[in-house]
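Colleague: Provided herewith is a single structure, encoded as structure tokens, for subsequent inquiry.
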Amino acid sequence: MRWLLTGLAFMVLGVAVTGGVLAPFDPTDPLGPVWVAPGGDFMLGTDQAGRDVLSRVLAGGRDLVLVAVLAALVTTAAGLAGGLAAGWRGGRVDRLLIGVADLLLGVPFLLLALVLAVALPGPVAVVAGTVCGGAPLTLRLARDATRQVRHAGYVEAARARGEPSSVILVREVLPALTGFAVADAALRFVIALQVASTLALLGFGPQPPAPDWGLMLRENLAGAALNPAAVLAPAAALTVITVVLAVLGHMVAVTRPVPVAPADRTGGLIGPTAPAAALLEVEGMTVTNAAGERILGNVTLRAAAGEVVAIVGTSGSGKTTVLRGLLDVLGPGLTRSAGTVRWATRPVPPGRAARSWRRRTVGVLDQDPLPAMNPMRPAGDTVVENAVLAGIDRTQACRRAVETMTRLGLDPARLWYRRPHELSGGQAQRVALARALVADPPLLVLDEPTSALDGETLALVSETIRARRGDGRSVTLVVSHDPRFVAALADRVLTVAPAGGALRAVLPAVADRPAVGADVLLRARGLHLAHRGVPVVERVDVDLRRGELVALLGRSGSGKTTLLRALAGLHPSPAGQLWLHGSQLPAGLLGRTRDELRAVQLVMQDTASSLNPAHQVGVALVRPLRVLRGMSAEQARARVPGLLAAVGLDAGLARRRPQELSGGQRQRVTIARALAAGPDVLLADEITAAMDVGTAAAVLDLLDELRRDGLAVLLVTHDAGLAATRADRMLTVEDGCLVAATSAHDSTDRTEDNRVG
Amino acid sequence: MIVRTVLMATARAVLVLLVVSLTVFVATDLLPSDAALARTSGRAGAEQLAALRVELGLDRPVWRRYLSWLGGLLGGDGGVSLVTGRPVTDLVGRRLPATLALTGSALVLMVPLTLLLAWLVGRRPACSGALVGVAAVPQVVFAAGLVTVFAGLLRWLPPVSLLPAGATPLDRPHLLVLPALSLALPIAAFGAGLLGGAVSDVLRRPHVSDAVLRGVPGWRVATRHVLPFLLAPAVRVLAIGLGALLAGAAVIETMFGYAGLGELLVSSVATRDVPVVAAVAMLAAAVVVAGLALADVVATLTDPYRRRR
């Protein structure tokens, strides 16, 4: 469809510009009586001066279109340049450019063109008007696109490879913006043509007797009853060009929805048999995506009153989809194509019935509670709203809200009127929990509680689940990839069935630990870390020895990621010093040599933007090989299958783009990219968070192998159990200081004491 | 808090108006041929031209002329038309009611249509392509098409909206139909395109899908979780639409022979009648700036992240 429109656009523009040569008669020559209807010699009749309308229409587009093309190119170029500058530099430059853009947007550009037409020639007025009306729009869009890209993980990875800004702009940023620039130029052309034709109609364009569509509209309006074609023909010409280009520009500009990643597994749920009398029954539920492919097949789930049912599975297997499918809140493009959901033996059809069922019976705690709350509504209001929706009257609802909040350790007097962003992270999580529990819902659904919640809130969640167990009226569904958490709390554990092959066994034996060497690879003394001006951690001292795995624990927001970024050079510490292999290491990226950049590699947590969506996986893996290890293109490409196999991925993935992979696969690709550089020190930020136990174990096994060859690993994790069993040492960030726990072997009793963040 | 916001917005608006006045003056001052020549159509000799220039005050330095013009405007005196010699305020005053009637009726059509279309496009982004196509059609084509169909072919309405001398548009409302429609419809499409993006953005925010997840009924999601976030963008788009309306009025009035301020502006541009052009442009600018200042105030007041007392 796109290619058809593009071809049509070029054809239309071509005809408009060159049509004059096809004209049967001289456009300026009065050949016949005025306003003759179409027919005979004159296919479209004659106009107000007896000239052939067809010839004038064919010849009348050239000046208009050429001026409009010029204006569009100038506008898009100006807007793009401004947007790149504003988005890339940020700060004052950004604020200034945005202020100017907003100001210009408010100016009626047609009036501006008109006023300028007093003094300047028509074409200049058109260009000025289009720039005024169009450049601010382009600037904003380009700036937003650049900003997104600037903070993307793949741009930071490129910076960490020591690539200069110019190279990054060309290789990483511009590919994202080319499509946008073309689409934008088409849309600005439309504005330009509107201005040009309007000015022409008002008499500020080509002067009579020259043929011009705008002029024709004005001249022939009076005789519209006699020869409507004299008005409709130029009108149609203008309409066709503007509509074709506008629709084309719009289609290219509209971002394509990210294709739904196909599930790794499409089986049903397997687990212990369900009780006969069930309160919640899901039978034969199948979820398909927009392309008709089955994401989830034939899921059956039954839960009796008082039961706690857990759903576990590998990353990307569709655990969350099961929940969303039974609640009828599947994302765009997904539909529940088969199956029934029954509550208390009554079916819950999708649509309005499901919505009112959710209102009355379901309480949900989603993965990341803070963005889920309306930023304009205060905390108390949010909690009361849920109670009111469930059918409780207002005064009772307020009382319940206060009760629930107090029970969860929140002080209603202080927090009632605060908006979500005025609460601390932990408080916001507990407000979300209060919101889910206030109406004492018969069905409570918890989606990945261990991922984003802090220790205290997680304890409250566990307490709540335990209280509901066996109470004879409620059902609790918990989705998690942490089997230890669910094992303690659930009555039954169901697994999303793999398509083939059993799940890898749980954590391997601790016995086979690689030996830790004596020499220190990376040393830091006296680092002082601040985040946006607020000091986070002070007087940090870290030693990483050859072959050791050091786990770094702490609450979210405590500074673990900042510490890793400081060591990697992305967030240089203003104080303190770093040593690599005994010699001083510059704090920031700029001072480091290529070998130093290669030696210290950072694997970040956020996988949504850590890979460039315009590049295939293979390209992402080749870059560090070429830049940091100096390989040639063929050598680098030859290494790619091996890198992918080492992290347990199929070599065929090299041709895929990141949007086509699941979260766990993307994380493994970023690990492969870091390992491609052949580092001596690996800084890993929550790399196993999105993975199930089997995949995490495989990745840690790989790191163990590399540790035998001398790799040192600093692993940030919130999973104290993982740290306890796999790490040689544990460090915790507590109250702005780095505290060393005793060695992992002794810390099994302290697992509960260690703060999990 | 509200008082402070309004004062700051007013101060910004005044500053912008000053800048605009400077721009308008400079733009209209850069004439290849000046008003003296225009007045005498090139028939006068050099001394007569010089004398005329002194009489018209065209020999004073630029900044002097600017300040005296600005002072005059603020005092309600826009100078004298260089072509007809009549006071500008007179000309503007006589044509103002006609333009008010036209833009008023167009506004009444445009505002609800913009909001409705924006909501539709926001709910179903697939329709945005159709809207973009409609908004792409130039206003002049719209007007010409409407005239050809309704006046030329169907003859339901007159093709031109010539008001007899002394009559007000309200005496003959049918004269306003075609001009108001051709003014309102394209601008509503353009405004809906701008606002539709904001609507679909808000609809995709996590707290909205969370509200749906919690089972909040549709109307409540709309009023409590969506509309408060659309207030500021909507006012801003309507202010921009108002500006476009004023600009479009110039074109539509000319096409329909409707004796309003827009037609005055266009003919003054054609005859290089600088004081009239400047005065009408400043009037339009004042209206637009006021609209945008209001939009700013609304945006600040509805920003959930601003610090409260």
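Identifiers for the structure tokens are assigned positionally: chains receive A, B, ... in sequence, residues are indexed from 1 per chain, and ligands are indexed from 1 in the order shown.
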Which parts of range 21-210 of chain B does DSSP call alpha helix (DSSP H) when run on the backbone here, written out as a count of residues only?
Modeller: 127
Colleague: Counting only C-alpha atoms, which residues of chain B sit at most 7 Å from some atom of chain A, and what is each one's closest atom pair with its distance in Å to one decimal, listed by chain and rising residue number, as a tab-separated table?
Modeller:
residue	atom	partner	partner_atom	distance
B:Ala27	CA	A:Leu116	CA	6.1
B:Thr28	CA	A:Ala119	CA	6.3
B:Leu30	CA	A:Ala119	CA	5.8
B:Leu31	CA	A:Ala119	CA	5.1
B:Pro32	CA	A:Ala119	CA	6.8
B:Gly129	CA	A:Val247	CA	5.9
B:Val132	CA	A:Ala246	CA	6.3
B:Gly133	CA	A:Val243	CA	4.8
B:Ala136	CA	A:Thr242	CA	5.6
B:Val137	CA	A:Thr239	CA	5.4
B:Pro138	CA	A:Gln194	CA	5.0
B:Val140	CA	A:Thr198	CA	6.4
B:Val141	CA	A:Ala235	CA	5.3
B:Ala144	CA	A:Leu217	CA	6.6
B:Gly145	CA	A:Leu232	CA	6.8
B:Thr148	CA	A:Ala224	CA	5.5
B:Gly152	CA	A:Ala225	CA	4.1
B:Leu153	CA	A:Ala225	CA	5.9
B:Pro206	CA	A:Ala372	CA	5.2
B:His207	CA	A:Ala372	CA	4.1
B:Asp210	CA	A:Ala372	CA	5.6
B:Leu213	CA	A:Val329	CA	6.2
B:Arg214	CA	A:Arg359	CA	5.9
B:Gly215	CA	A:Arg359	CA	4.3
B:Val216	CA	A:Arg359	CA	6.4
B:His225	CA	A:Asn374	CA	6.7
B:Ile240	CA	A:Gly106	CA	5.6
B:Gly243	CA	A:Pro108	CA	5.2
B:Ala244	CA	A:Pro108	CA	5.4
B:Ala247	CA	A:Leu111	CA	5.2
B:Met255	CA	A:Arg218	CA	7.0
B:Val269	CA	A:Val118	CA	5.3
B:Arg272	CA	A:Val118	CA	6.1
B:Pro304	CA	A:Met376	CA	5.1
Colleague: Determine, counting only C-alpha atoms, which protein, DNA and RNA residues have an atom within 10 Å of an atom of Trp69 in chain B; residues of the same chain fewer than 2 positions away are not included. Present the result as a PyMOL selection string.
Modeller: chain B and resi 21+25+63-67+71-75+77-79+275+278-279
Colleague: List every residue of range 601-688 of chain A that DSSP, applied to the backbone of this structure, assigns to strand (DSSP E or B), and report them as a PyMOL selection string.
Modeller: chain A and resi 601-603+681-685
Colleague: For range 76-85 of chain A, please output as a ChimeraX atom specification all residues within 12 Å (counting only C-alpha atoms; exclusion window: fewer than 4 positions along the same chain).
Modeller: /A:69-72,89-101,104,127-128,130-150,169-170,173-174,176-178,180-189,191-192
Colleague: May I have the residues from that selection written out with C-alpha atoms, as a PDB file, in the first residue's frame?
Modeller:
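This went into result-v2.pdb:
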ATOM      1  CA  VAL A  69       8.612  21.648  -2.741  1.00  0.00           C
ATOM      2  CA  LEU A  70      11.250  24.256  -1.968  1.00  0.00           C
ATOM      3  CA  ALA A  71       9.313  25.486   1.045  1.00  0.00           C
ATOM      4  CA  ALA A  72       8.816  21.916   2.311  1.00  0.00           C
ATOM      5  CA  ARG A  89      22.112  18.786  23.645  1.00  0.00           C
ATOM      6  CA  GLY A  90      19.191  19.242  25.979  1.00  0.00           C
ATOM      7  CA  GLY A  91      19.259  21.860  28.723  1.00  0.00           C
ATOM      8  CA  ARG A  92      19.176  25.503  27.743  1.00  0.00           C
ATOM      9  CA  VAL A  93      19.425  24.894  24.027  1.00  0.00           C
ATOM     10  CA  ASP A  94      16.408  22.643  24.261  1.00  0.00           C
ATOM     11  CA  ARG A  95      14.327  25.072  26.286  1.00  0.00           C
ATOM     12  CA  LEU A  96      15.163  27.939  23.977  1.00  0.00           C
ATOM     13  CA  LEU A  97      14.283  26.064  20.815  1.00  0.00           C
ATOM     14  CA  ILE A  98      11.074  24.692  22.234  1.00  0.00           C
ATOM     15  CA  GLY A  99      10.045  28.143  23.413  1.00  0.00           C
ATOM     16  CA  VAL A 100      10.629  29.573  19.969  1.00  0.00           C
ATOM     17  CA  ALA A 101       8.774  26.663  18.369  1.00  0.00           C
ATOM     18  CA  LEU A 104       5.852  30.253  16.139  1.00  0.00           C
ATOM     19  CA  VAL A 127       8.485  29.794   2.240  1.00  0.00           C
ATOM     20  CA  ALA A 128       8.396  32.063   5.268  1.00  0.00           C
ATOM     21  CA  THR A 130       5.470  27.410   5.701  1.00  0.00           C
ATOM     22  CA  VAL A 131       8.548  27.574   7.891  1.00  0.00           C
ATOM     23  CA  CYS A 132       6.592  29.455  10.513  1.00  0.00           C
ATOM     24  CA  GLY A 133       3.666  27.062  10.402  1.00  0.00           C
ATOM     25  CA  GLY A 134       5.498  23.786   9.802  1.00  0.00           C
ATOM     26  CA  ALA A 135       8.963  23.941  11.328  1.00  0.00           C
ATOM     27  CA  PRO A 136       7.703  24.014  14.942  1.00  0.00           C
ATOM     28  CA  LEU A 137       5.799  20.776  14.367  1.00  0.00           C
ATOM     29  CA  THR A 138       8.812  19.129  12.753  1.00  0.00           C
ATOM     30  CA  LEU A 139      11.076  20.401  15.490  1.00  0.00           C
ATOM     31  CA  ARG A 140       8.960  18.938  18.238  1.00  0.00           C
ATOM     32  CA  LEU A 141       8.684  15.566  16.571  1.00  0.00           C
ATOM     33  CA  ALA A 142      12.385  15.390  15.725  1.00  0.00           C
ATOM     34  CA  ARG A 143      13.288  16.476  19.233  1.00  0.00           C
ATOM     35  CA  ASP A 144      11.112  13.841  20.847  1.00  0.00           C
ATOM     36  CA  ALA A 145      12.567  11.162  18.616  1.00  0.00           C
ATOM     37  CA  THR A 146      16.140  12.293  19.324  1.00  0.00           C
ATOM     38  CA  ARG A 147      15.550  12.468  23.056  1.00  0.00           C
ATOM     39  CA  GLN A 148      14.255   8.951  23.162  1.00  0.00           C
ATOM     40  CA  VAL A 149      17.240   7.780  21.259  1.00  0.00           C
ATOM     41  CA  ARG A 150      19.743   9.792  23.261  1.00  0.00           C
ATOM     42  CA  LEU A 169      24.601  10.355  15.322  1.00  0.00           C
ATOM     43  CA  VAL A 170      25.236   8.829  11.925  1.00  0.00           C
ATOM     44  CA  VAL A 173      20.418   8.090  15.494  1.00  0.00           C
ATOM     45  CA  LEU A 174      19.875   8.979  11.869  1.00  0.00           C
ATOM     46  CA  ALA A 176      15.818   6.050  13.175  1.00  0.00           C
ATOM     47  CA  LEU A 177      14.991   9.466  11.765  1.00  0.00           C
ATOM     48  CA  THR A 178      15.164   8.945   7.995  1.00  0.00           C
ATOM     49  CA  PHE A 180      10.451  10.450   9.826  1.00  0.00           C
ATOM     50  CA  ALA A 181      12.195  13.080   7.653  1.00  0.00           C
ATOM     51  CA  VAL A 182      10.642  11.815   4.445  1.00  0.00           C
ATOM     52  CA  ALA A 183       7.173  11.637   5.930  1.00  0.00           C
ATOM     53  CA  ASP A 184       7.584  15.045   7.437  1.00  0.00           C
ATOM     54  CA  ALA A 185       8.650  16.600   4.143  1.00  0.00           C
ATOM     55  CA  ALA A 186       5.482  15.272   2.532  1.00  0.00           C
ATOM     56  CA  LEU A 187       3.293  16.787   5.244  1.00  0.00           C
ATOM     57  CA  ARG A 188       5.073  20.157   5.077  1.00  0.00           C
ATOM     58  CA  PHE A 189       4.640  20.137   1.329  1.00  0.00           C
ATOM     59  CA  ILE A 191       1.059  23.106   4.167  1.00  0.00           C
ATOM     60  CA  ALA A 192       3.249  24.879   1.632  1.00  0.00           C
TER      61      ALA A 192
END
Colleague: Can you tell me which residues surround Asp411 in chain A at a distance of at most 12 Å, considering only C-alpha atoms, apart from same-chain residues fewer than 2 positions away, and format the answer as a compact mmCIF listing (two decimals) with N, CA, C and O atoms, in the first residue's frame?
Modeller:
# COMPACT_ATOMS: atom_id res chain seq x y z
N ALA A 379 -3.73 10.14 46.94
CA ALA A 379 -3.67 8.72 47.34
C ALA A 379 -4.98 8.24 47.95
O ALA A 379 -5.48 7.16 47.62
N GLY A 380 -5.52 9.05 48.88
CA GLY A 380 -6.74 8.61 49.55
C GLY A 380 -7.87 8.39 48.56
O GLY A 380 -8.61 7.40 48.63
N ALA A 401 -11.00 2.57 53.71
CA ALA A 401 -9.73 3.00 53.12
C ALA A 401 -8.73 3.35 54.22
O ALA A 401 -7.57 2.94 54.17
N VAL A 402 -9.20 4.10 55.22
CA VAL A 402 -8.32 4.47 56.33
C VAL A 402 -7.82 3.22 57.04
O VAL A 402 -6.63 3.07 57.34
N GLU A 403 -8.75 2.29 57.28
CA GLU A 403 -8.36 1.03 57.94
C GLU A 403 -7.29 0.30 57.17
O GLU A 403 -6.28 -0.15 57.72
N THR A 404 -7.55 0.12 55.89
CA THR A 404 -6.61 -0.66 55.07
C THR A 404 -5.25 0.01 55.03
O THR A 404 -4.21 -0.63 55.15
N MET A 405 -5.25 1.32 54.86
CA MET A 405 -3.97 2.01 54.78
C MET A 405 -3.20 1.88 56.08
O MET A 405 -1.99 1.65 56.09
N THR A 406 -3.91 2.02 57.19
CA THR A 406 -3.23 1.90 58.47
C THR A 406 -2.67 0.50 58.65
O THR A 406 -1.54 0.31 59.13
N ARG A 407 -3.46 -0.48 58.24
CA ARG A 407 -3.02 -1.87 58.37
C ARG A 407 -1.74 -2.13 57.60
O ARG A 407 -0.90 -2.94 57.96
N LEU A 408 -1.58 -1.43 56.50
CA LEU A 408 -0.40 -1.64 55.67
C LEU A 408 0.75 -0.73 56.07
O LEU A 408 1.74 -0.60 55.36
N GLY A 409 0.61 -0.05 57.20
CA GLY A 409 1.73 0.74 57.68
C GLY A 409 1.81 2.13 57.08
O GLY A 409 2.85 2.78 57.15
N ALA A 413 -3.34 10.17 57.77
CA ALA A 413 -3.42 11.60 58.04
C ALA A 413 -2.40 12.36 57.18
O ALA A 413 -2.66 13.44 56.66
N ARG A 414 -1.22 11.76 57.01
CA ARG A 414 -0.19 12.48 56.27
C ARG A 414 -0.29 12.28 54.77
O ARG A 414 0.04 13.13 53.98
N LEU A 415 -0.72 11.08 54.38
CA LEU A 415 -0.60 10.73 52.96
C LEU A 415 -1.89 10.89 52.17
O LEU A 415 -1.87 10.77 50.97
N TRP A 416 -3.01 11.15 52.82
CA TRP A 416 -4.29 11.12 52.13
C TRP A 416 -4.33 12.05 50.93
O TRP A 416 -4.83 11.71 49.87
N TYR A 417 -3.82 13.28 51.11
CA TYR A 417 -3.94 14.26 50.05
C TYR A 417 -2.74 14.32 49.12
O TYR A 417 -2.68 15.17 48.26
N ARG A 418 -1.78 13.42 49.32
CA ARG A 418 -0.59 13.48 48.46
C ARG A 418 -0.85 12.79 47.15
O ARG A 418 -1.48 11.74 47.08
N LEU A 423 4.81 10.74 46.76
CA LEU A 423 5.06 9.65 47.70
C LEU A 423 6.41 9.02 47.39
O LEU A 423 6.89 9.09 46.27
N GLN A 427 6.03 3.84 49.59
CA GLN A 427 4.69 4.29 49.95
C GLN A 427 3.72 4.09 48.79
O GLN A 427 2.59 3.64 48.97
N ARG A 430 2.66 0.60 48.50
CA ARG A 430 1.68 0.19 49.51
C ARG A 430 0.32 0.80 49.27
O ARG A 430 -0.71 0.21 49.59
N VAL A 431 0.28 2.00 48.70
CA VAL A 431 -1.01 2.58 48.33
C VAL A 431 -1.66 1.71 47.26
O VAL A 431 -2.87 1.43 47.31
